[in-house]
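This is entry37.cif (mmCIF, C-alpha atoms, pLDDT in the B column; chains and numbers go by the auth columns).
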data_entry
#
loop_
_atom_site.group_PDB
_atom_site.id
_atom_site.type_symbol
_atom_site.label_atom_id
_atom_site.label_comp_id
_atom_site.label_asym_id
_atom_site.label_seq_id
_atom_site.Cartn_x
_atom_site.Cartn_y
_atom_site.Cartn_z
_atom_site.B_iso_or_equiv
_atom_site.auth_seq_id
_atom_site.auth_asym_id
ATOM 1 C CA MET A 1 4.385 -193.053 1.419 69.00 129 I
ATOM 2 C CA ASP A 2 0.994 -192.827 3.055 79.00 130 I
ATOM 3 C CA TRP A 3 0.746 -189.096 3.662 84.00 131 I
ATOM 4 C CA HIS A 4 -2.676 -189.346 5.206 84.00 132 I
ATOM 5 C CA LEU A 5 -1.520 -191.773 7.863 84.00 133 I
ATOM 6 C CA LEU A 6 1.648 -189.751 8.390 87.00 134 I
ATOM 7 C CA GLY A 7 -0.357 -186.606 8.984 87.00 135 I
ATOM 8 C CA LEU A 8 -2.788 -188.446 11.209 83.00 136 I
ATOM 9 C CA SER A 9 -0.081 -189.888 13.428 83.00 137 I
ATOM 10 C CA PHE A 10 1.738 -186.553 13.549 87.00 138 I
ATOM 11 C CA ILE A 11 -1.354 -184.599 14.560 86.00 139 I
ATOM 12 C CA THR A 12 -2.516 -187.193 17.067 82.00 140 I
ATOM 13 C CA VAL A 13 0.823 -187.422 18.822 82.00 141 I
ATOM 14 C CA PHE A 14 1.498 -183.690 18.574 85.00 142 I
ATOM 15 C CA LEU A 15 -1.815 -182.734 20.154 82.00 143 I
ATOM 16 C CA SER A 16 -1.597 -185.367 22.856 79.00 144 I
ATOM 17 C CA GLU A 17 1.948 -184.359 23.735 81.00 145 I
ATOM 18 C CA LEU A 18 1.350 -180.605 23.773 80.00 146 I
ATOM 19 C CA GLY A 19 1.365 -179.612 27.414 76.00 147 I
ATOM 20 C CA ASP A 20 1.874 -183.198 28.510 79.00 148 I
ATOM 21 C CA LYS A 21 4.347 -184.193 31.141 79.00 149 I
ATOM 22 C CA SER A 22 7.289 -184.813 28.863 81.00 150 I
ATOM 23 C CA GLN A 23 7.007 -181.312 27.437 84.00 151 I
ATOM 24 C CA LEU A 24 6.629 -179.843 30.913 85.00 152 I
ATOM 25 C CA ALA A 25 9.696 -181.812 31.947 85.00 153 I
ATOM 26 C CA ALA A 26 11.576 -180.492 28.934 85.00 154 I
ATOM 27 C CA ILE A 27 10.633 -176.935 29.871 85.00 155 I
ATOM 28 C CA ALA A 28 11.628 -177.436 33.498 84.00 156 I
ATOM 29 C CA LEU A 29 14.878 -179.240 32.757 84.00 157 I
ATOM 30 C CA SER A 30 16.040 -176.861 30.044 84.00 158 I
ATOM 31 C CA GLY A 31 15.213 -173.865 32.169 78.00 159 I
ATOM 32 C CA GLY A 32 16.987 -175.292 35.173 71.00 160 I
ATOM 33 C CA SER A 33 20.108 -176.769 33.671 72.00 161 I
ATOM 34 C CA ARG A 34 21.717 -173.975 31.583 71.00 162 I
ATOM 35 C CA SER A 35 22.469 -176.334 28.716 80.00 163 I
ATOM 36 C CA PRO A 36 19.132 -176.606 26.894 82.00 164 I
ATOM 37 C CA ARG A 37 20.643 -178.230 23.830 87.00 165 I
ATOM 38 C CA VAL A 38 21.664 -181.288 25.796 88.00 166 I
ATOM 39 C CA VAL A 39 18.222 -181.473 27.383 88.00 167 I
ATOM 40 C CA PHE A 40 16.677 -181.302 23.934 90.00 168 I
ATOM 41 C CA PHE A 41 18.811 -184.130 22.618 90.00 169 I
ATOM 42 C CA GLY A 42 18.140 -186.230 25.680 89.00 170 I
ATOM 43 C CA ALA A 43 14.394 -185.643 25.528 89.00 171 I
ATOM 44 C CA ALA A 44 14.181 -186.197 21.777 89.00 172 I
ATOM 45 C CA ALA A 45 16.203 -189.407 21.982 90.00 173 I
ATOM 46 C CA ALA A 46 14.069 -190.715 24.829 87.00 174 I
ATOM 47 C CA LEU A 47 10.851 -189.943 22.984 87.00 175 I
ATOM 48 C CA LEU A 48 12.145 -191.527 19.789 87.00 176 I
ATOM 49 C CA VAL A 49 13.075 -194.731 21.560 86.00 177 I
ATOM 50 C CA ALA A 50 9.777 -194.765 23.439 82.00 178 I
ATOM 51 C CA SER A 51 7.676 -194.374 20.306 83.00 179 I
ATOM 52 C CA PHE A 52 9.885 -196.847 18.473 83.00 180 I
ATOM 53 C CA LEU A 53 9.145 -199.363 21.193 80.00 181 I
ATOM 54 C CA GLY A 54 5.463 -198.511 20.848 77.00 182 I
ATOM 55 C CA VAL A 55 5.594 -199.289 17.147 78.00 183 I
ATOM 56 C CA ILE A 56 7.516 -202.516 17.689 77.00 184 I
ATOM 57 C CA VAL A 57 5.208 -203.723 20.434 71.00 185 I
ATOM 58 C CA GLY A 58 2.162 -202.616 18.429 63.00 186 I
ATOM 59 C CA GLU A 59 3.279 -204.879 15.636 58.00 187 I
ATOM 60 C CA GLY A 60 3.559 -207.704 18.100 55.00 188 I
ATOM 61 C CA THR A 61 0.766 -209.095 20.179 42.00 189 I
ATOM 62 C CA ALA A 62 0.175 -207.308 23.431 44.00 190 I
ATOM 63 C CA HIS A 63 1.833 -204.721 25.531 51.00 191 I
ATOM 64 C CA LEU A 64 3.563 -206.559 28.285 56.00 192 I
ATOM 65 C CA LEU A 65 5.298 -203.769 30.115 57.00 193 I
ATOM 66 C CA PRO A 66 5.141 -203.586 33.879 64.00 194 I
ATOM 67 C CA ALA A 67 3.733 -200.089 33.644 65.00 195 I
ATOM 68 C CA LYS A 68 3.376 -199.590 37.371 73.00 196 I
ATOM 69 C CA VAL A 69 7.009 -200.306 38.148 72.00 197 I
ATOM 70 C CA ILE A 70 8.200 -198.127 35.284 71.00 198 I
ATOM 71 C CA LYS A 71 6.029 -195.208 36.342 74.00 199 I
ATOM 72 C CA ILE A 72 7.205 -195.503 39.919 79.00 200 I
ATOM 73 C CA ILE A 73 10.817 -195.385 38.737 78.00 201 I
ATOM 74 C CA ALA A 74 10.052 -192.351 36.582 76.00 202 I
ATOM 75 C CA ALA A 75 8.340 -190.661 39.507 82.00 203 I
ATOM 76 C CA ILE A 76 11.401 -191.265 41.649 84.00 204 I
ATOM 77 C CA GLY A 77 13.598 -189.832 38.898 80.00 205 I
ATOM 78 C CA PHE A 78 11.510 -186.677 38.680 81.00 206 I
ATOM 79 C CA ALA A 79 11.472 -186.379 42.447 85.00 207 I
ATOM 80 C CA VAL A 80 15.253 -186.679 42.650 83.00 208 I
ATOM 81 C CA MET A 81 15.701 -183.958 40.034 79.00 209 I
ATOM 82 C CA ALA A 82 13.149 -181.781 41.802 82.00 210 I
ATOM 83 C CA ILE A 83 14.936 -182.156 45.115 84.00 211 I
ATOM 84 C CA ARG A 84 18.258 -181.443 43.462 79.00 212 I
ATOM 85 C CA LEU A 85 16.850 -178.225 42.019 78.00 213 I
ATOM 86 C CA LEU A 86 14.999 -177.144 45.141 80.00 214 I
ATOM 87 C CA LEU A 87 17.766 -177.725 47.653 79.00 215 I
ATOM 88 C CA PRO A 88 20.079 -174.755 48.107 70.00 216 I
ATOM 89 C CA LYS A 89 23.308 -175.334 46.264 62.00 217 I
ATOM 90 C CA PRO A 90 26.604 -174.471 47.922 57.00 218 I
ATOM 91 C CA GLU A 91 28.841 -173.067 45.179 51.00 219 I
ATOM 92 C CA THR A 92 27.466 -174.216 41.883 49.00 220 I
ATOM 93 C CA THR A 93 25.886 -171.033 40.578 49.00 221 I
ATOM 94 C CA GLU A 94 28.239 -169.765 37.926 49.00 222 I
ATOM 95 C CA GLU A 95 27.896 -166.589 35.980 47.00 223 I
ATOM 96 C CA VAL A 96 27.559 -167.280 32.290 47.00 224 I
ATOM 97 C CA SER A 97 28.583 -164.463 30.058 41.00 225 I
ATOM 98 C CA MET B 1 59.443 -177.383 -10.193 49.00 73 M
ATOM 99 C CA ASN B 2 59.552 -173.778 -9.237 49.00 74 M
ATOM 100 C CA PRO B 3 62.336 -173.295 -6.777 48.00 75 M
ATOM 101 C CA TYR B 4 60.622 -170.189 -5.368 51.00 76 M
ATOM 102 C CA SER B 5 57.338 -171.914 -4.672 47.00 77 M
ATOM 103 C CA SER B 6 58.296 -173.090 -1.235 46.00 78 M
ATOM 104 C CA ALA B 7 60.333 -170.068 -0.456 46.00 79 M
ATOM 105 C CA PRO B 8 57.675 -167.809 1.171 48.00 80 M
ATOM 106 C CA SER B 9 56.622 -170.417 3.676 45.00 81 M
ATOM 107 C CA GLN B 10 60.132 -171.202 4.760 45.00 82 M
ATOM 108 C CA PRO B 11 60.930 -167.995 6.682 45.00 83 M
ATOM 109 C CA THR B 12 57.596 -167.907 8.470 43.00 84 M
ATOM 110 C CA LEU B 13 57.999 -171.468 9.630 45.00 85 M
ATOM 111 C CA HIS B 14 61.441 -170.680 10.847 44.00 86 M
ATOM 112 C CA LEU B 15 60.118 -167.564 12.535 45.00 87 M
ATOM 113 C CA GLU B 16 57.361 -169.488 14.253 45.00 88 M
ATOM 114 C CA SER B 17 59.692 -172.128 15.497 44.00 89 M
ATOM 115 C CA THR B 18 61.957 -169.503 16.977 43.00 90 M
ATOM 116 C CA LEU B 19 58.975 -167.662 18.426 45.00 91 M
ATOM 117 C CA THR B 20 57.489 -170.700 20.077 45.00 92 M
ATOM 118 C CA GLU B 21 60.778 -171.383 21.751 45.00 93 M
ATOM 119 C CA GLN B 22 60.949 -167.931 23.199 44.00 94 M
ATOM 120 C CA PRO B 23 58.161 -167.819 25.822 44.00 95 M
ATOM 121 C CA SER B 24 59.504 -168.860 29.158 44.00 96 M
ATOM 122 C CA HIS B 25 56.239 -170.232 30.500 46.00 97 M
ATOM 123 C CA HIS B 26 53.391 -171.983 28.774 46.00 98 M
ATOM 124 C CA GLY B 27 50.357 -170.031 27.670 45.00 99 M
ATOM 125 C CA SER B 28 51.723 -166.519 27.273 44.00 100 M
ATOM 126 C CA ASP B 29 49.139 -164.167 25.821 46.00 101 M
ATOM 127 C CA VAL B 30 50.805 -163.417 22.506 46.00 102 M
ATOM 128 C CA SER B 31 48.259 -162.840 19.770 47.00 103 M
ATOM 129 C CA TRP B 32 48.982 -165.062 16.815 47.00 104 M
ATOM 130 C CA ASN B 33 47.774 -164.121 13.400 51.00 105 M
ATOM 131 C CA SER B 34 48.701 -167.124 11.353 52.00 106 M
ATOM 132 C CA PRO B 35 46.005 -169.798 11.240 53.00 107 M
ATOM 133 C CA LEU B 36 48.673 -172.472 11.295 52.00 108 M
ATOM 134 C CA THR B 37 50.159 -171.276 14.540 48.00 109 M
ATOM 135 C CA SER B 38 46.751 -170.830 16.119 52.00 110 M
ATOM 136 C CA ARG B 39 45.806 -174.341 15.113 51.00 111 M
ATOM 137 C CA LEU B 40 49.077 -175.638 16.466 48.00 112 M
ATOM 138 C CA LEU B 41 48.484 -173.743 19.660 49.00 113 M
ATOM 139 C CA VAL B 42 45.006 -175.199 20.005 49.00 114 M
ATOM 140 C CA GLU B 43 46.358 -178.678 19.406 49.00 115 M
ATOM 141 C CA GLU B 44 49.054 -178.104 21.924 47.00 116 M
ATOM 142 C CA LYS B 45 46.491 -176.848 24.405 47.00 117 M
ATOM 143 C CA GLU B 46 44.339 -179.875 23.821 48.00 118 M
ATOM 144 C CA ARG B 47 47.260 -182.204 24.239 48.00 119 M
ATOM 145 C CA SER B 48 48.349 -180.715 27.508 46.00 120 M
ATOM 146 C CA SER B 49 46.191 -181.914 30.335 43.00 121 M
ATOM 147 C CA THR B 50 45.934 -178.562 32.063 44.00 122 M
ATOM 148 C CA ILE B 51 43.386 -176.623 30.050 43.00 123 M
ATOM 149 C CA ALA B 52 42.831 -173.237 31.568 45.00 124 M
ATOM 150 C CA GLU B 53 39.847 -172.311 29.436 45.00 125 M
ATOM 151 C CA PRO B 54 37.619 -174.206 26.995 45.00 126 M
ATOM 152 C CA THR B 55 38.621 -174.150 23.369 45.00 127 M
ATOM 153 C CA PRO B 56 36.423 -171.906 21.233 46.00 128 M
ATOM 154 C CA LEU B 57 35.376 -174.910 19.166 47.00 129 M
ATOM 155 C CA SER B 58 33.246 -176.421 21.898 45.00 130 M
ATOM 156 C CA PRO B 59 29.898 -174.623 22.148 48.00 131 M
ATOM 157 C CA SER B 60 29.155 -175.884 25.622 49.00 132 M
ATOM 158 C CA VAL B 61 29.036 -173.501 28.491 48.00 133 M
ATOM 159 C CA PRO B 62 30.905 -174.578 31.607 50.00 134 M
ATOM 160 C CA SER B 63 28.011 -175.849 33.643 49.00 135 M
ATOM 161 C CA PRO B 64 27.985 -177.171 37.159 58.00 136 M
ATOM 162 C CA ARG B 65 26.859 -180.576 35.951 65.00 137 M
ATOM 163 C CA PRO B 66 28.638 -182.523 33.212 78.00 138 M
ATOM 164 C CA ILE B 67 26.888 -182.888 29.883 81.00 139 M
ATOM 165 C CA TRP B 68 26.509 -186.642 29.977 82.00 140 M
ATOM 166 C CA THR B 69 24.872 -186.493 33.370 83.00 141 M
ATOM 167 C CA ILE B 70 22.280 -184.083 32.025 83.00 142 M
ATOM 168 C CA PHE B 71 21.773 -186.140 28.894 88.00 143 M
ATOM 169 C CA THR B 72 21.377 -189.468 30.676 87.00 144 M
ATOM 170 C CA SER B 73 19.161 -188.164 33.442 84.00 145 M
ATOM 171 C CA THR B 74 16.927 -186.401 30.907 86.00 146 M
ATOM 172 C CA PHE B 75 16.847 -189.450 28.680 88.00 147 M
ATOM 173 C CA ILE B 76 16.082 -191.992 31.388 86.00 148 M
ATOM 174 C CA THR B 77 13.449 -189.939 33.149 83.00 149 M
ATOM 175 C CA ILE B 78 11.528 -188.857 30.063 85.00 150 M
ATOM 176 C CA PHE B 79 11.869 -192.314 28.543 84.00 151 M
ATOM 177 C CA LEU B 80 10.433 -193.991 31.613 80.00 152 M
ATOM 178 C CA ALA B 81 7.730 -191.362 31.958 79.00 153 M
ATOM 179 C CA GLU B 82 6.662 -191.863 28.357 79.00 154 M
ATOM 180 C CA LEU B 83 6.749 -195.634 28.470 74.00 155 M
ATOM 181 C CA GLY B 84 3.186 -196.825 28.725 67.00 156 M
ATOM 182 C CA ASP B 85 1.895 -193.294 28.388 74.00 157 M
ATOM 183 C CA LYS B 86 -1.006 -192.414 26.150 74.00 158 M
ATOM 184 C CA THR B 87 1.270 -191.300 23.328 77.00 159 M
ATOM 185 C CA GLN B 88 2.955 -194.643 23.220 76.00 160 M
ATOM 186 C CA VAL B 89 -0.351 -196.426 23.484 75.00 161 M
ATOM 187 C CA SER B 90 -1.793 -194.429 20.592 78.00 162 M
ATOM 188 C CA THR B 91 1.324 -195.092 18.513 79.00 163 M
ATOM 189 C CA LEU B 92 0.964 -198.737 19.354 78.00 164 M
ATOM 190 C CA LEU B 93 -2.706 -198.839 18.426 77.00 165 M
ATOM 191 C CA MET B 94 -2.202 -196.946 15.184 79.00 166 M
ATOM 192 C CA SER B 95 0.649 -199.131 14.023 78.00 167 M
ATOM 193 C CA ALA B 96 -1.330 -202.217 14.934 74.00 168 M
ATOM 194 C CA GLU B 97 -4.377 -200.937 13.132 76.00 169 M
ATOM 195 C CA PHE B 98 -2.863 -199.697 9.905 78.00 170 M
ATOM 196 C CA HIS B 99 0.009 -202.192 9.557 77.00 171 M
ATOM 197 C CA LYS B 100 2.342 -199.442 8.461 80.00 172 M
ATOM 198 C CA PRO B 101 4.566 -199.078 11.488 81.00 173 M
ATOM 199 C CA TRP B 102 7.240 -196.950 9.832 84.00 174 M
ATOM 200 C CA VAL B 103 4.803 -194.315 8.662 87.00 175 M
ATOM 201 C CA VAL B 104 3.287 -194.129 12.134 85.00 176 M
ATOM 202 C CA PHE B 105 6.742 -194.016 13.664 87.00 177 M
ATOM 203 C CA THR B 106 7.848 -191.201 11.355 89.00 178 M
ATOM 204 C CA GLY B 107 4.782 -189.147 12.168 89.00 179 M
ATOM 205 C CA ALA B 108 5.043 -189.763 15.896 87.00 180 M
ATOM 206 C CA ALA B 109 8.780 -189.119 15.953 89.00 181 M
ATOM 207 C CA THR B 110 8.405 -185.825 14.099 90.00 182 M
ATOM 208 C CA ALA B 111 5.654 -184.755 16.466 90.00 183 M
ATOM 209 C CA LEU B 112 7.671 -185.702 19.537 89.00 184 M
ATOM 210 C CA ILE B 113 10.778 -183.907 18.344 90.00 185 M
ATOM 211 C CA THR B 114 8.675 -180.837 17.600 91.00 186 M
ATOM 212 C CA THR B 115 7.010 -180.807 21.013 90.00 187 M
ATOM 213 C CA SER B 116 10.253 -181.310 22.896 90.00 188 M
ATOM 214 C CA LEU B 117 11.913 -178.619 20.792 91.00 189 M
ATOM 215 C CA LEU B 118 9.049 -176.274 21.646 91.00 190 M
ATOM 216 C CA GLY B 119 9.407 -177.192 25.314 90.00 191 M
ATOM 217 C CA VAL B 120 13.129 -176.536 25.334 91.00 192 M
ATOM 218 C CA LEU B 121 12.665 -173.238 23.496 91.00 193 M
ATOM 219 C CA VAL B 122 10.074 -172.155 26.054 90.00 194 M
ATOM 220 C CA GLY B 123 12.425 -173.172 28.851 88.00 195 M
ATOM 221 C CA ARG B 124 15.278 -171.217 27.322 88.00 196 M
ATOM 222 C CA TRP B 125 13.043 -168.196 26.844 88.00 197 M
ATOM 223 C CA LEU B 126 11.984 -168.432 30.470 87.00 198 M
ATOM 224 C CA SER B 127 15.609 -168.643 31.547 84.00 199 M
ATOM 225 C CA THR B 128 16.260 -165.281 29.912 86.00 200 M
ATOM 226 C CA ARG B 129 13.333 -163.745 31.756 87.00 201 M
ATOM 227 C CA LEU B 130 13.631 -165.143 35.242 85.00 202 M
ATOM 228 C CA SER B 131 16.470 -165.222 37.697 85.00 203 M
ATOM 229 C CA PRO B 132 18.239 -168.584 38.056 82.00 204 M
ATOM 230 C CA LYS B 133 16.977 -168.993 41.579 84.00 205 M
ATOM 231 C CA THR B 134 13.336 -168.432 40.644 85.00 206 M
ATOM 232 C CA LEU B 135 13.793 -170.709 37.686 83.00 207 M
ATOM 233 C CA ASP B 136 15.292 -173.489 39.787 84.00 208 M
ATOM 234 C CA THR B 137 12.421 -173.243 42.228 87.00 209 M
ATOM 235 C CA ALA B 138 9.822 -173.275 39.463 86.00 210 M
ATOM 236 C CA ALA B 139 11.510 -176.174 37.687 85.00 211 M
ATOM 237 C CA GLY B 140 11.809 -178.095 40.930 88.00 212 M
ATOM 238 C CA ILE B 141 8.147 -177.577 41.740 89.00 213 M
ATOM 239 C CA THR B 142 7.163 -178.623 38.205 86.00 214 M
ATOM 240 C CA LEU B 143 9.207 -181.800 38.434 87.00 215 M
ATOM 241 C CA ALA B 144 7.802 -182.548 41.883 89.00 216 M
ATOM 242 C CA LEU B 145 4.280 -182.137 40.533 89.00 217 M
ATOM 243 C CA LEU B 146 5.114 -184.440 37.634 86.00 218 M
ATOM 244 C CA SER B 147 6.406 -186.990 40.088 88.00 219 M
ATOM 245 C CA VAL B 148 3.221 -186.743 42.135 88.00 220 M
ATOM 246 C CA GLY B 149 1.144 -187.045 38.956 85.00 221 M
ATOM 247 C CA LEU B 150 2.984 -190.208 37.949 82.00 222 M
ATOM 248 C CA LEU B 151 2.450 -191.714 41.371 86.00 223 M
ATOM 249 C CA TRP B 152 -1.212 -190.726 41.154 87.00 224 M
ATOM 250 C CA ASP B 153 -1.429 -192.591 37.845 79.00 225 M
ATOM 251 C CA VAL B 154 0.138 -195.638 39.412 77.00 226 M
ATOM 252 C CA PHE B 155 -2.241 -195.837 42.336 81.00 227 M
ATOM 253 C CA LYS B 156 -5.268 -195.037 40.198 76.00 228 M
ATOM 254 C CA MET B 157 -4.539 -197.931 37.867 62.00 229 M
#
Kindly transcribe the structure held in the file into structure tokens.
Amino acid sequence: MDWHLLGLSFITVFLSELGDKSQLAAIALSGGSRSPRVVFFGAAAALLVASFLGVIVGEGTAHLLPAKVIKIIAAIGFAVMAIRLLLPKPETTEEVS
Amino acid sequence: MNPYSSAPSQPTLHLESTLTEQPSHHGSDVSWNSPLTSRLLVEEKERSSTIAEPTPLSPSVPSPRPIWTIFTSTFITIFLAELGDKTQVSTLLMSAEFHKPWVVFTGAATALITTSLLGVLVGRWLSTRLSPKTLDTAAGITLALLSVGLLWDVFKM
């Protein structure tokens, strides 16, 4: 095991992710949804798959993702969740003991 | 071998069977002490389609949105937002440079799990401090800003 490379990749990714949009999204979603554990699993799974794809593609030749389209879809997803949170809800606020 | 070995369980079973026949309607609030009867009751509750309250085994809180909706929407949005982001690009470059993709993946995965765990912990801490309405507004504004930032990235590219 190459501990130097492991530490390097950990620190690089950790510092670049700290305060980045996925962490902000995790904060917002877990605060807004009342089931933070599910948000954590969803976020962690998404990040794992994303970095796995990064590793796979990095081993290949080039990165051939239509980044614009993907980012537009992600922006729409965030916007939909934002609207869902910002619009007044009729009866959904439940008291959690 | 021992004829008395099965004897103590026999009367209680008989007692339970007579007791379970007694309630006229389903779900009477009799407190059961035996673990067997409580397990049987739980199984019976699970089998019947009309569950009045969640079983104590499930840790989930009854939320307005189902769990899989939350999971999939979180997964898809964060996955798409991260795809082609600088983290993925740096992972890609490192694994291409060092030719040890699994080490890079392990490091990146650990870092990503840690940051999202920190984010969720912060969100949960905030949810204990703020009222749900304030929190929803703040979360909605944050997500809207993220959406705008992503669009900004797209049109800057």
Provide the atom CA of I:Leu213 to atom CA of M:Thr214 distance in Å, to one decimal place.
10.4 Å
Could you tell me which residues the PyMOL selection byres ((chain M and resi 195) around 7) grabs in this file, written as an NGL selection string?
(:I and (155-156 or 158-159)) or (:M and (191-194 or 196-199))
Output of the PyMOL selection byres ((chain I) within 7 of (chain M)), listed as a ChimeraX atom specification
/I:130,133-135,137-138,141-142,144-146,149-160,162,164,166-168,170-176,178-180,182-183,185-187,195-196,198-200,202-207,210-211,213-214,220
Which centre and which edge lengths, in Å to one decimal, describe the axis-aligned box that holds all listed atoms of stretch 196-204 of chain I after 5 Å is added on each side, as AutoDock Vina command-line options?
--center_x 7.4 --center_y -195.5 --center_z 38.5 --size_x 18.0 --size_y 19.6 --size_z 16.4
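Across the model, the gap from atom CA of I:Thr140 to atom CA of I:Val197 is 26.6 Å.
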Atom CA of I:Pro216 to atom CA of M:Ser203, straight-line distance in Å:
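Atom CA of I:Pro216 lies 14.6 Å from atom CA of M:Ser203.
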